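K.L.:
File final27.cif below, mmCIF, C-alpha atoms and all ligand atoms:
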data_model
#
loop_
_atom_site.label_atom_id
_atom_site.label_comp_id
_atom_site.auth_asym_id
_atom_site.auth_seq_id
_atom_site.Cartn_x
_atom_site.Cartn_y
_atom_site.Cartn_z
CA MET A 1052 -165.43 -44.45 25.97
CA ASN A 1053 -167.78 -44.29 22.97
CA PHE A 1054 -165.75 -45.04 19.89
CA SER A 1055 -166.64 -43.99 16.39
CA ASN A 1056 -165.48 -45.02 12.97
CA GLU A 1057 -164.94 -41.43 11.83
CA LEU A 1058 -161.41 -40.26 11.10
CA SER A 1059 -162.10 -37.20 13.22
CA PHE A 1060 -162.56 -39.45 16.25
CA ALA A 1061 -158.91 -40.55 16.15
CA ALA A 1062 -157.70 -36.97 15.77
CA GLU A 1063 -159.80 -35.82 18.71
CA ALA A 1064 -158.74 -38.73 20.91
CA ASP A 1065 -155.08 -37.95 20.17
CA GLU A 1066 -155.65 -34.31 20.95
CA LYS A 1067 -157.20 -35.17 24.32
CA ASP A 1068 -154.58 -37.81 25.17
CA PRO A 1069 -152.69 -36.64 28.29
CA LEU A 1070 -149.69 -38.80 27.26
CA LYS A 1071 -149.48 -37.56 23.67
CA HIS A 1072 -146.21 -35.67 24.16
CA PHE A 1073 -144.37 -38.92 24.99
CA ARG A 1074 -144.38 -39.96 21.32
CA LYS A 1075 -141.88 -37.18 20.61
CA LYS A 1076 -139.42 -38.77 23.00
CA PHE A 1077 -138.88 -41.71 20.64
CA PHE A 1078 -137.34 -42.22 17.21
CA ILE A 1079 -140.06 -43.50 14.89
CA PRO A 1080 -138.66 -45.34 11.85
CA LYS A 1081 -139.58 -43.92 8.45
CA HIS A 1082 -141.46 -45.58 5.63
CA THR A 1083 -140.03 -45.38 2.09
CA ASP A 1084 -142.19 -42.31 1.37
CA GLY A 1085 -140.63 -40.46 4.32
CA SER A 1086 -143.66 -40.68 6.64
CA ASP A 1087 -143.55 -42.31 10.08
CA VAL A 1088 -144.21 -46.03 9.95
CA ILE A 1089 -147.16 -47.32 11.95
CA TYR A 1090 -145.09 -49.16 14.53
CA LEU A 1091 -147.09 -51.93 16.22
CA ALA A 1092 -144.15 -54.15 17.15
CA GLY A 1093 -143.23 -52.71 20.55
CA ASN A 1094 -144.01 -56.20 21.86
CA SER A 1095 -140.91 -57.42 19.98
CA LEU A 1096 -138.55 -54.48 20.18
CA GLY A 1097 -139.44 -51.17 21.78
CA LEU A 1098 -138.47 -47.94 20.02
CA GLN A 1099 -135.34 -46.02 20.91
CA PRO A 1100 -135.80 -43.15 23.34
CA LYS A 1101 -134.05 -40.07 21.95
CA THR A 1102 -132.31 -39.64 25.31
CA VAL A 1103 -130.47 -42.99 25.12
CA LYS A 1104 -127.57 -41.39 23.32
CA ASP A 1105 -126.95 -38.92 26.16
CA TYR A 1106 -127.04 -41.65 28.77
CA LEU A 1107 -124.52 -43.70 26.78
CA GLU A 1108 -122.29 -40.75 26.01
CA GLN A 1109 -121.99 -39.91 29.68
CA GLU A 1110 -120.58 -43.37 30.38
CA LEU A 1111 -118.31 -43.32 27.31
CA LYS A 1112 -116.97 -39.96 28.41
CA ASP A 1113 -116.34 -41.19 31.95
CA TRP A 1114 -114.68 -44.33 30.63
CA ALA A 1115 -112.37 -42.18 28.49
CA GLU A 1116 -111.65 -39.78 31.32
CA PHE A 1117 -111.40 -42.09 34.31
CA ALA A 1118 -110.89 -45.62 32.97
CA VAL A 1119 -110.83 -47.99 35.95
CA GLU A 1120 -111.41 -45.14 38.37
CA GLY A 1121 -114.83 -44.65 36.79
CA HIS A 1122 -116.08 -47.36 39.14
CA THR A 1123 -115.97 -44.74 41.87
CA LYS A 1124 -115.31 -41.42 40.10
CA ALA A 1125 -117.72 -41.48 37.17
CA LYS A 1126 -120.61 -39.03 37.41
CA ASN A 1127 -122.73 -42.12 38.06
CA PRO A 1128 -120.20 -44.38 39.78
CA TRP A 1129 -120.28 -47.76 38.05
CA LEU A 1130 -119.94 -49.80 41.23
CA ALA A 1131 -123.48 -48.86 42.14
CA TYR A 1132 -124.85 -48.33 38.63
CA HIS A 1133 -127.45 -51.12 38.67
CA GLU A 1134 -128.87 -49.67 41.89
CA TYR A 1135 -129.92 -46.51 40.05
CA LEU A 1136 -132.52 -48.63 38.22
CA THR A 1137 -133.84 -50.56 41.19
CA SER A 1138 -136.78 -48.51 42.44
CA GLN A 1139 -138.13 -47.85 38.94
CA THR A 1140 -137.86 -51.53 38.09
CA ALA A 1141 -139.61 -52.44 41.33
CA LYS A 1142 -142.51 -50.13 40.47
CA ILE A 1143 -142.92 -51.65 37.03
CA VAL A 1144 -143.36 -55.17 38.38
CA GLY A 1145 -145.00 -54.25 41.70
CA ALA A 1146 -142.19 -55.38 43.95
CA LYS A 1147 -140.15 -54.14 46.89
CA ASN A 1148 -136.79 -52.69 45.92
CA GLU A 1149 -134.89 -55.57 47.48
CA GLU A 1150 -136.85 -58.09 45.37
CA VAL A 1151 -135.60 -56.97 41.93
CA VAL A 1152 -132.38 -56.79 39.98
CA ASN A 1153 -131.42 -56.19 36.35
CA MET A 1154 -128.82 -58.70 35.16
CA ASN A 1155 -127.92 -61.07 32.30
CA SER A 1156 -130.76 -61.79 29.90
CA LEU A 1157 -134.10 -63.52 30.08
CA THR A 1158 -133.35 -67.16 29.34
CA THR A 1159 -130.12 -67.01 31.34
CA ASN A 1160 -132.02 -65.63 34.33
CA LEU A 1161 -134.65 -68.32 33.87
CA HIS A 1162 -131.99 -71.00 34.27
CA LEU A 1163 -130.33 -69.25 37.20
CA LEU A 1164 -133.59 -68.93 39.09
CA PHE A 1165 -134.63 -72.47 38.22
CA VAL A 1166 -131.45 -73.59 40.00
CA SER A 1167 -132.97 -72.06 43.10
CA PHE A 1168 -136.66 -72.73 42.56
CA TYR A 1169 -137.00 -75.93 40.57
CA ARG A 1170 -136.07 -78.57 43.12
CA PRO A 1171 -137.79 -81.75 41.97
CA GLU A 1172 -138.30 -84.62 44.36
CA LYS A 1173 -139.30 -88.19 43.69
CA ASN A 1174 -143.04 -87.61 44.14
CA LYS A 1175 -143.10 -83.90 43.31
CA HIS A 1176 -141.09 -83.31 40.17
CA LYS A 1177 -143.42 -81.89 37.53
CA ILE A 1178 -143.42 -78.49 35.85
CA LEU A 1179 -146.69 -76.99 34.60
CA ILE A 1180 -146.44 -74.67 31.57
CA GLU A 1181 -148.78 -73.31 28.87
CA SER A 1182 -149.10 -75.49 25.78
CA ASN A 1183 -148.14 -72.62 23.48
CA SER A 1184 -145.28 -71.36 25.60
CA PHE A 1185 -142.48 -69.41 23.93
CA PRO A 1186 -139.89 -71.80 22.45
CA SER A 1187 -137.03 -70.57 24.63
CA ASP A 1188 -139.07 -71.24 27.76
CA TYR A 1189 -140.03 -74.66 26.48
CA TYR A 1190 -136.43 -75.63 25.68
CA ALA A 1191 -135.24 -74.26 29.00
CA VAL A 1192 -137.86 -76.18 30.96
CA GLU A 1193 -137.22 -79.35 28.98
CA SER A 1194 -133.49 -79.11 29.61
CA GLN A 1195 -133.99 -78.41 33.33
CA ILE A 1196 -136.09 -81.53 33.70
CA LYS A 1197 -133.45 -83.62 31.94
CA TYR A 1198 -130.64 -81.97 33.87
CA HIS A 1199 -132.27 -83.16 37.09
CA GLY A 1200 -132.48 -86.69 35.72
CA TYR A 1201 -136.23 -86.76 35.09
CA ASP A 1202 -138.16 -87.75 32.00
CA VAL A 1203 -139.82 -84.93 30.06
CA ALA A 1204 -142.75 -87.18 29.07
CA GLU A 1205 -143.53 -87.67 32.76
CA SER A 1206 -142.48 -84.40 34.29
CA LEU A 1207 -143.83 -81.79 31.88
CA ILE A 1208 -147.54 -80.91 32.03
CA GLU A 1209 -149.03 -78.50 29.52
CA ILE A 1210 -152.27 -76.63 30.08
CA ARG A 1211 -154.16 -75.83 26.89
CA PRO A 1212 -157.39 -74.09 25.89
CA ARG A 1213 -160.51 -76.23 25.57
CA GLU A 1214 -161.26 -77.62 22.14
CA GLY A 1215 -162.43 -74.78 19.88
CA GLU A 1216 -161.30 -72.04 22.30
CA ASP A 1217 -158.26 -69.78 22.24
CA LYS A 1218 -157.86 -68.62 25.79
CA VAL A 1219 -156.93 -70.87 28.67
CA ARG A 1220 -159.68 -70.55 31.23
CA THR A 1221 -158.45 -69.65 34.69
CA GLU A 1222 -160.87 -72.16 36.19
CA ASP A 1223 -159.21 -74.90 34.11
CA ILE A 1224 -155.76 -73.89 35.38
CA GLU A 1225 -157.03 -73.92 38.96
CA GLU A 1226 -158.72 -77.26 38.48
CA LEU A 1227 -155.58 -78.84 36.99
CA ILE A 1228 -153.45 -77.55 39.85
CA GLU A 1229 -155.96 -78.83 42.39
CA ARG A 1230 -155.98 -82.24 40.71
CA GLU A 1231 -152.28 -82.72 39.97
CA GLY A 1232 -150.62 -80.20 42.29
CA ASP A 1233 -149.26 -82.80 44.67
CA GLU A 1234 -146.86 -83.89 41.92
CA ILE A 1235 -146.10 -80.39 40.61
CA ALA A 1236 -142.88 -78.84 41.87
CA LEU A 1237 -143.08 -75.68 39.78
CA ILE A 1238 -145.74 -73.74 37.92
CA TRP A 1239 -144.10 -71.69 35.18
CA MET A 1240 -146.39 -69.47 33.17
CA ALA A 1241 -146.25 -66.29 31.17
CA GLY A 1242 -147.73 -63.09 32.53
CA VAL A 1243 -148.99 -62.42 29.01
CA ASN A 1244 -148.76 -65.15 26.39
CA TYR A 1245 -146.65 -64.00 23.43
CA TYR A 1246 -148.87 -65.66 20.83
CA SER A 1247 -152.45 -65.15 21.97
CA GLY A 1248 -151.88 -62.00 24.00
CA GLN A 1249 -153.77 -63.58 26.92
CA ALA A 1250 -152.88 -62.08 30.29
CA PHE A 1251 -153.10 -64.75 32.94
CA GLU A 1252 -154.77 -64.14 36.26
CA MET A 1253 -151.51 -64.43 38.13
CA GLU A 1254 -152.86 -63.85 41.60
CA LYS A 1255 -155.30 -66.74 41.28
CA ILE A 1256 -152.61 -69.01 39.83
CA VAL A 1257 -150.27 -68.22 42.73
CA LYS A 1258 -153.03 -68.94 45.21
CA ALA A 1259 -153.94 -72.26 43.62
CA GLY A 1260 -150.26 -73.25 43.40
CA HIS A 1261 -149.36 -72.34 46.95
CA LYS A 1262 -152.36 -74.27 48.25
CA LYS A 1263 -150.69 -77.34 46.76
CA ASN A 1264 -147.20 -76.39 47.92
CA CYS A 1265 -145.97 -75.59 44.41
CA ILE A 1266 -143.46 -72.86 43.63
CA VAL A 1267 -145.02 -70.36 41.21
CA GLY A 1268 -142.88 -68.34 38.80
CA PHE A 1269 -143.68 -66.10 35.84
CA ASP A 1270 -142.09 -65.13 32.55
CA LEU A 1271 -143.01 -61.48 32.20
CA ALA A 1272 -141.41 -60.86 28.78
CA HIS A 1273 -144.75 -59.66 27.38
CA ALA A 1274 -146.13 -58.31 30.64
CA ALA A 1275 -143.45 -55.99 32.05
CA GLY A 1276 -144.16 -52.42 30.97
CA ASN A 1277 -147.44 -53.59 29.40
CA ILE A 1278 -149.87 -54.46 32.19
CA GLU A 1279 -149.92 -53.46 35.84
CA LEU A 1280 -148.13 -56.05 37.92
CA LYS A 1281 -148.20 -56.64 41.66
CA LEU A 1282 -145.72 -59.46 42.10
CA HIS A 1283 -145.18 -58.85 45.79
CA GLU A 1284 -148.85 -58.51 46.68
CA TRP A 1285 -149.75 -61.54 44.56
CA ASP A 1286 -146.99 -63.43 46.38
CA ALA A 1287 -145.32 -64.85 43.25
CA ASP A 1288 -142.15 -66.76 44.15
CA PHE A 1289 -139.97 -65.48 41.34
CA ALA A 1290 -140.11 -63.96 37.86
CA VAL A 1291 -137.90 -62.98 34.94
CA TRP A 1292 -138.39 -60.67 31.97
CA CYS A 1293 -136.56 -58.99 29.14
CA ASN A 1294 -136.20 -55.24 28.91
CA TYR A 1295 -136.13 -54.85 25.13
CA LYS A 1296 -139.84 -55.35 24.40
CA TYR A 1297 -142.24 -52.92 26.08
CA LEU A 1298 -139.41 -51.55 28.22
CA ASN A 1299 -137.41 -50.13 25.29
CA GLY A 1300 -133.99 -51.04 26.70
CA GLY A 1301 -132.56 -51.73 23.22
CA PRO A 1302 -131.78 -54.88 21.21
CA GLY A 1303 -130.61 -57.69 23.48
CA ALA A 1304 -131.03 -55.45 26.53
CA ILE A 1305 -130.05 -56.60 29.99
CA GLY A 1306 -132.82 -58.71 31.62
CA GLY A 1307 -134.78 -58.35 34.84
CA ALA A 1308 -135.48 -60.69 37.74
CA PHE A 1309 -137.71 -60.81 40.81
CA VAL A 1310 -137.30 -62.99 43.88
CA ASN A 1311 -139.94 -62.82 46.60
CA GLU A 1312 -138.72 -61.27 49.84
CA ARG A 1313 -139.60 -64.50 51.63
CA HIS A 1314 -136.81 -66.34 49.80
CA LEU A 1315 -134.10 -63.71 49.98
CA ASN A 1316 -132.40 -64.83 53.15
CA ASP A 1317 -133.23 -68.50 53.01
CA ARG A 1318 -129.76 -70.08 53.06
CA THR A 1319 -131.22 -73.51 52.29
CA ILE A 1320 -132.05 -72.44 48.73
CA PRO A 1321 -129.39 -73.62 46.29
CA LYS A 1322 -127.85 -70.86 44.23
CA LEU A 1323 -125.03 -70.46 41.74
CA LEU A 1324 -122.63 -67.86 43.04
CA GLY A 1325 -120.39 -65.15 41.70
CA TRP A 1326 -118.53 -62.25 43.24
CA TRP A 1327 -121.24 -59.70 42.36
CA GLY A 1328 -123.68 -61.47 44.67
CA HIS A 1329 -121.29 -61.02 47.58
CA ASP A 1330 -121.78 -58.42 50.29
CA LYS A 1331 -120.79 -55.02 48.88
CA LYS A 1332 -118.79 -53.87 51.91
CA THR A 1333 -116.45 -56.85 51.93
CA ARG A 1334 -116.46 -57.81 48.23
CA PHE A 1335 -113.01 -56.41 47.63
CA LEU A 1336 -111.38 -58.11 50.59
CA MET A 1337 -111.10 -61.05 48.17
CA ASP A 1338 -111.04 -63.45 51.09
CA HIS A 1339 -113.13 -66.39 49.80
CA LYS A 1340 -115.67 -66.07 52.61
CA TYR A 1341 -118.95 -65.68 50.83
CA ILE A 1342 -121.52 -63.36 52.40
CA PRO A 1343 -124.62 -62.87 50.24
CA ILE A 1344 -126.17 -59.46 49.65
CA PRO A 1345 -129.51 -59.72 51.47
CA THR A 1346 -131.49 -58.81 48.31
CA ALA A 1347 -132.23 -60.22 44.85
CA GLU A 1348 -128.81 -58.79 43.92
CA SER A 1349 -127.28 -61.87 45.48
CA TRP A 1350 -128.31 -63.78 42.34
CA GLN A 1351 -125.92 -61.60 40.32
CA LEU A 1352 -122.78 -63.36 39.14
CA SER A 1353 -120.74 -60.80 37.23
CA ASN A 1354 -120.28 -57.08 37.33
CA PRO A 1355 -122.97 -55.78 34.98
CA PRO A 1356 -122.65 -54.12 31.55
CA ILE A 1357 -122.83 -50.40 32.30
CA LEU A 1358 -123.70 -49.36 28.73
CA GLN A 1359 -126.68 -51.75 28.78
CA LEU A 1360 -127.84 -50.42 32.12
CA ALA A 1361 -127.44 -46.86 30.84
CA SER A 1362 -129.67 -47.39 27.84
CA LEU A 1363 -132.32 -49.12 29.96
CA ARG A 1364 -132.14 -46.31 32.48
CA ALA A 1365 -133.05 -43.78 29.80
CA SER A 1366 -136.27 -45.67 29.14
CA LEU A 1367 -137.10 -46.33 32.79
CA ASP A 1368 -136.84 -42.59 33.43
CA ILE A 1369 -139.54 -42.10 30.78
CA PHE A 1370 -141.74 -44.79 32.35
CA GLU A 1371 -141.30 -43.09 35.71
CA GLU A 1372 -142.47 -39.81 34.24
CA ALA A 1373 -145.51 -41.33 32.53
CA GLY A 1374 -146.47 -43.77 35.32
CA MET A 1375 -147.76 -47.30 34.73
CA SER A 1376 -151.34 -46.55 35.72
CA ALA A 1377 -151.71 -43.69 33.24
CA LEU A 1378 -150.05 -45.81 30.57
CA ARG A 1379 -152.36 -48.69 31.27
CA LYS A 1380 -155.42 -46.45 31.07
CA LYS A 1381 -154.43 -45.22 27.61
CA SER A 1382 -153.41 -48.73 26.60
CA GLU A 1383 -156.85 -50.14 27.36
CA MET A 1384 -158.43 -47.42 25.23
CA LEU A 1385 -156.08 -47.89 22.28
CA THR A 1386 -156.59 -51.64 22.23
CA SER A 1387 -160.36 -51.42 22.68
CA TYR A 1388 -160.44 -48.91 19.84
CA MET A 1389 -158.54 -51.31 17.59
CA GLU A 1390 -160.92 -54.10 18.57
CA TYR A 1391 -163.94 -51.88 17.89
CA LEU A 1392 -162.70 -50.90 14.42
CA ILE A 1393 -161.94 -54.48 13.43
CA LYS A 1394 -165.32 -55.71 14.66
CA GLU A 1395 -167.13 -52.94 12.78
CA GLU A 1396 -166.43 -54.93 9.61
CA SER A 1397 -168.39 -58.13 10.08
CA ASN A 1398 -167.18 -59.97 6.96
CA SER A 1399 -163.46 -59.33 7.37
CA GLY A 1400 -162.46 -62.96 7.95
CA ILE A 1401 -160.45 -61.73 10.92
CA GLN A 1402 -160.89 -63.34 14.32
CA ILE A 1403 -159.41 -61.72 17.41
CA ILE A 1404 -158.01 -64.59 19.47
CA THR A 1405 -156.89 -62.34 22.35
CA PRO A 1406 -159.44 -62.34 25.19
CA ALA A 1407 -162.01 -59.55 25.11
CA GLU A 1408 -161.86 -59.06 28.90
CA LYS A 1409 -159.64 -56.13 29.83
CA ASN A 1410 -158.07 -57.94 32.78
CA GLU A 1411 -157.10 -60.82 30.48
CA ARG A 1412 -155.08 -58.91 27.93
CA GLY A 1413 -152.42 -56.25 27.57
CA CYS A 1414 -152.09 -53.97 24.56
CA GLN A 1415 -151.50 -56.68 21.94
CA LEU A 1416 -154.25 -58.11 19.77
CA SER A 1417 -153.58 -61.37 17.94
CA LEU A 1418 -155.57 -61.55 14.74
CA ARG A 1419 -156.28 -64.88 13.12
CA ILE A 1420 -156.64 -64.32 9.41
CA ALA A 1421 -158.92 -66.84 7.69
CA GLU A 1422 -157.48 -66.54 4.19
CA ASN A 1423 -154.35 -65.21 2.49
CA GLY A 1424 -153.01 -64.06 5.80
CA LYS A 1425 -149.43 -63.86 4.64
CA ALA A 1426 -150.36 -61.75 1.62
CA LYS A 1427 -152.29 -59.41 3.90
CA PHE A 1428 -149.29 -59.19 6.21
CA ARG A 1429 -146.95 -58.36 3.30
CA ARG A 1430 -149.32 -55.66 2.12
CA LEU A 1431 -149.28 -54.12 5.59
CA LEU A 1432 -145.47 -54.03 5.47
CA ASP A 1433 -145.53 -52.48 1.99
CA ARG A 1434 -147.85 -49.79 3.25
CA GLY A 1435 -145.61 -48.87 6.16
CA VAL A 1436 -147.09 -50.91 9.01
CA ILE A 1437 -144.62 -52.76 11.23
CA CYS A 1438 -146.37 -55.63 12.96
CA ASP A 1439 -145.54 -59.31 12.87
CA TRP A 1440 -146.63 -62.64 11.53
CA ARG A 1441 -146.75 -65.78 13.63
CA GLU A 1442 -147.28 -69.11 11.90
CA PRO A 1443 -149.67 -70.50 10.93
CA ASP A 1444 -152.20 -67.69 10.59
CA VAL A 1445 -151.76 -64.88 13.12
CA ILE A 1446 -150.85 -61.21 12.82
CA ARG A 1447 -149.83 -59.65 16.12
CA ALA A 1448 -150.37 -55.93 16.53
CA ALA A 1449 -149.45 -54.08 19.69
CA PRO A 1450 -150.44 -50.41 20.08
CA VAL A 1451 -148.09 -49.15 22.77
CA PRO A 1452 -149.38 -46.25 24.87
CA LEU A 1453 -146.00 -44.49 25.17
CA TYR A 1454 -145.64 -43.81 21.47
CA ASN A 1455 -148.64 -45.07 19.50
CA SER A 1456 -151.58 -42.85 18.67
CA PHE A 1457 -155.27 -43.39 17.94
CA GLU A 1458 -154.42 -42.31 14.39
CA ASP A 1459 -151.89 -45.15 14.14
CA VAL A 1460 -154.64 -47.59 15.10
CA LYS A 1461 -157.17 -46.07 12.69
CA ARG A 1462 -154.74 -46.18 9.77
CA PHE A 1463 -153.61 -49.71 10.60
CA VAL A 1464 -157.15 -51.10 10.67
CA GLY A 1465 -157.97 -49.21 7.45
CA ILE A 1466 -155.13 -50.95 5.61
CA LEU A 1467 -155.89 -54.31 7.29
CA LEU A 1468 -159.49 -54.26 6.11
CA GLU A 1469 -158.78 -53.12 2.56
CA GLY A 1470 -159.11 -56.61 1.19
C1 LIG B 1501 -139.05 -62.57 24.02
C2 LIG B 1501 -139.17 -63.78 24.86
C3 LIG B 1501 -138.04 -64.55 25.20
C4 LIG B 1501 -136.68 -64.21 24.66
O1 LIG B 1501 -135.67 -64.74 25.44
P1 LIG B 1501 -134.20 -64.08 25.48
O2 LIG B 1501 -133.49 -64.91 26.46
O3 LIG B 1501 -134.37 -62.64 25.87
O4 LIG B 1501 -133.63 -64.18 24.09
C5 LIG B 1501 -138.22 -65.64 26.04
N1 LIG B 1501 -139.44 -65.97 26.51
C6 LIG B 1501 -140.54 -65.25 26.20
C7 LIG B 1501 -141.88 -65.64 26.75
C8 LIG B 1501 -140.44 -64.15 25.35
O5 LIG B 1501 -141.53 -63.45 25.02
#
Would you mind giving the structure from this file in structure tokens?
P.N.:
Amino acid sequence: MNFSNELSFAAEADEKDPLKHFRKKFFIPKHTDGSDVIYLAGNSLGLQPKTVKDYLEQELKDWAEFAVEGHTKAKNPWLAYHEYLTSQTAKIVGAKNEEVVNMNSLTTNLHLLFVSFYRPEKNKHKILIESNSFPSDYYAVESQIKYHGYDVAESLIEIRPREGEDKVRTEDIEELIEREGDEIALIWMAGVNYYSGQAFEMEKIVKAGHKKNCIVGFDLAHAAGNIELKLHEWDADFAVWCNYKYLNGGPGAIGGAFVNERHLNDRTIPKLLGWWGHDKKTRFLMDHKYIPIPTAESWQLSNPPILQLASLRASLDIFEEAGMSALRKKSEMLTSYMEYLIKEESNSGIQIITPAEKNERGCQLSLRIAENGKAKFRRLLDRGVICDWREPDVIRAAPVPLYNSFEDVKRFVGILLEG
């Protein structure tokens, strides 16, 4: 696509956008002057689909009308409610239906799946992570190492960009795995790094890891609903994500998890159990003879929060309608357009630290601001732009294809470059 700096370009691109009508399906917060804010924080909390209320009201109504009998008599019987989200979830992460489940929340699922997939041994006990991993992941990994009686200084390896660079080169990840893989039990990386916006080449990482007999898992918090994922085809061992960022499930939404088909019926894998992982046909016999569901659902512990599932379902129905490949196509254009407009101004003092390669980023651009970054960020907020600030010097801006427009991007960059 040939971009132009003219205002008319944004208007025309919006007009031609086959997904433009999706914006109307979301509530866009208002600025103090009554106009729509320029919302570029869908990487932190996705907007509310207008249909969420109906999905919730249905369940409130059935709760009022049926109480406990709603488990079987509700319009959408609660006993099976999480199953209504399975195939759409599977499509979003590129998995088979039996490989995914929505349950708990991200960090909780991380710990639950680490119980199964981080099994350190004397000579193979290390975990490889990114040096700028999200704090919750870092704390979780650190505590898992200690929980197993190992020393963090010896068991945690961090991969970082080369001196003077911002992205971690795939070749460096592969080389490190080749060199130290014999001692690595688990490779735990983001799909898309929350800070830099770098999308990792997951397929290559899995391949390098498996060659060295390492388990390879991914945190897809910033990848799910953002980039196209093929977890099954790439042969990842397991993954977790949250549903409140790009997936618009609402604040603190129920999380998602993937377990590769290959591990589903492996009874040698340790697992923490609860009654919701037990075979559905015999669950209510209450007989203390555990039979696992032969899918990722067997990692469930409790009966799930129906209201949470209902609000996520409203958003997944919208994703289903739009389709990930169409979303991704628009996403690449929106982000490239933002990049183009920022680069048009050569003396802006703004450096884009997100990789320029399309296969190494999602929609987010991370902008390193040379001077007065915080003042610039505050001015953006004052002018009705919602983006975020990450210490020490980065503004993150994520144009989301479901509800952001080319005009949003044009106006954002205009305000950003004002001074
Ligand atoms: C958003 C995010 C989290 C948040 O964890 P919760 O358990 O949902 O609070 C964790 N890890 C990463 C990489 C994230 O981006």
K.L.:
Using CA of Pro1450 in chain A and CA of Met1240 in chain A as the two end points, give the distance in Å to one decimal.
P.N.:
23.5 Å
K.L.:
List every residue of chain A that has an atom at most 8 Å from any atom of ligand LIG 1501 (chain B), and for each one report the closest atom pair and its distance in Å to one decimal, counting only C-alpha atoms and all ligand atoms, with rows sorted by chain and then by increasing residue number, as CSV.
P.N.:
residue,atom,partner,partner_atom,distance
A:Ser1095,CA,B:LIG1501,C1,6.8
A:Ser1156,CA,B:LIG1501,O2,5.4
A:Leu1157,CA,B:LIG1501,O2,3.9
A:Thr1158,CA,B:LIG1501,O2,3.7
A:Thr1159,CA,B:LIG1501,O2,6.3
A:Ser1184,CA,B:LIG1501,C7,6.8
A:Phe1185,CA,B:LIG1501,C7,4.7
A:Pro1186,CA,B:LIG1501,N1,7.1
A:Ser1187,CA,B:LIG1501,C5,5.3
A:Asp1188,CA,B:LIG1501,N1,5.4
A:Ala1241,CA,B:LIG1501,C7,6.2
A:Asn1244,CA,B:LIG1501,C7,6.9
A:Tyr1245,CA,B:LIG1501,O5,5.4
A:Asp1270,CA,B:LIG1501,C7,5.8
A:Leu1271,CA,B:LIG1501,C7,6.9
A:Ala1272,CA,B:LIG1501,O5,4.6
A:His1273,CA,B:LIG1501,O5,5.5
A:Trp1292,CA,B:LIG1501,O3,7.6
A:Cys1293,CA,B:LIG1501,O3,5.4
A:Lys1296,CA,B:LIG1501,C1,7.3
A:Gly1303,CA,B:LIG1501,O3,6.7
A:Ala1304,CA,B:LIG1501,O3,8.0
A:Gly1306,CA,B:LIG1501,O3,7.1
K.L.:
Have a look at A:Val1152, A:Ile1180, A:Val1310, A:Val1267 and name the one nearest to Lys1255 in chain A; count all atoms listed in the file.
P.N.:
A:Val1267
K.L.:
Return the single residue from A:Ala1361, A:His1162, A:Tyr1090, A:Ala1131 that is closest to Leu1323 in chain A, with distances computed using all atoms listed in the file.
P.N.:
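Checking each of A:Ala1361, A:His1162, A:Tyr1090, A:Ala1131 against Leu1323 in chain A, counting all atoms listed in the file, the winner is A:His1162.
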K.L.:
For a quick check of understanding, using all atoms listed in the file, which of A:Gly1307, A:Gly1465, A:Gly1325, A:Gly1248 has the smallest distance to Arg1434 in chain A?
P.N.:
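Nearest candidate to Arg1434 in chain A out of A:Gly1307, A:Gly1465, A:Gly1325, A:Gly1248: A:Gly1465.
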K.L.:
Ranking A:Pro1452, A:Pro1171, A:Pro1212, A:Pro1321 by minimum distance to Ala1373 in chain A and counting all atoms listed in the file, which one comes first?
P.N.:
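Of A:Pro1452, A:Pro1171, A:Pro1212, A:Pro1321, the one nearest Ala1373 in chain A is A:Pro1452, counting all atoms listed in the file.
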K.L.:
Which one of A:Val1243, A:Ala1125, A:Ala1421, A:Leu1360 sits closest to Ala1274 in chain A if you count only C-alpha atoms?
P.N.:
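Looking at the shortest contact to Ala1274 in chain A, the residue is A:Val1243.
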K.L.:
Please define a box with edges along x, y and z of the file around all atoms of range 1186-1192 of chain A given in the file, extend it by 8 Å on each side, and return its centre and edge lengths in Å to one decimal, as JSON.
P.N.:
{"center_x": -137.6, "center_y": -73.4, "center_z": 26.7, "size_x": 20.8, "size_y": 21.6, "size_z": 24.5}
K.L.:
Would you mind listing what lies within 8 Å of Lys1071 in chain A as a ChimeraX atom specification, with only C-alpha atoms counted and same-chain residues fewer than 4 positions away left out?
P.N.:
/A:1065-1066,1453-1454,1456
K.L.:
Within 6 Å of range 1315-1320 of chain A, counting only C-alpha atoms, which residues show up once you throw out same-chain ones fewer than 3 positions away? Write them as a PyMOL selection string, please.
P.N.:
chain A and resi 1167+1312+1346
K.L.:
Output C-alpha atoms of each residue in that selection to a file, as a short mmCIF file (atom, residue, chain, number, x, y, z; two decimals), in the frame of the given file.
P.N.:
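Output (result-v8.cif):
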data_model
loop_
_atom_site.label_atom_id
_atom_site.label_comp_id
_atom_site.auth_asym_id
_atom_site.auth_seq_id
_atom_site.Cartn_x
_atom_site.Cartn_y
_atom_site.Cartn_z
CA SER A 1167 -132.97 -72.06 43.10
CA GLU A 1312 -138.72 -61.27 49.84
CA THR A 1346 -131.49 -58.81 48.31
#
K.L.:
Between A:Ile1344, A:Ile1256, A:Ala1365, A:Ala1191, which has the minimum distance to Tyr1106 in chain A (counting all atoms listed in the file)?
P.N.:
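For Tyr1106 in chain A, the nearest of the candidates is A:Ala1365.
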K.L.:
What is the CA of Trp1285 in chain A to CA of Ile1196 in chain A distance in Å?
P.N.:
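Answer for the CA of Trp1285 in chain A to CA of Ile1196 in chain A separation: 26.5 Å.
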K.L.:
What's the separation between CA of Arg1412 in chain A and CA of Lys1262 in chain A, in Å to one decimal place?
P.N.:
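Here the two named atoms are 25.6 Å from each other.
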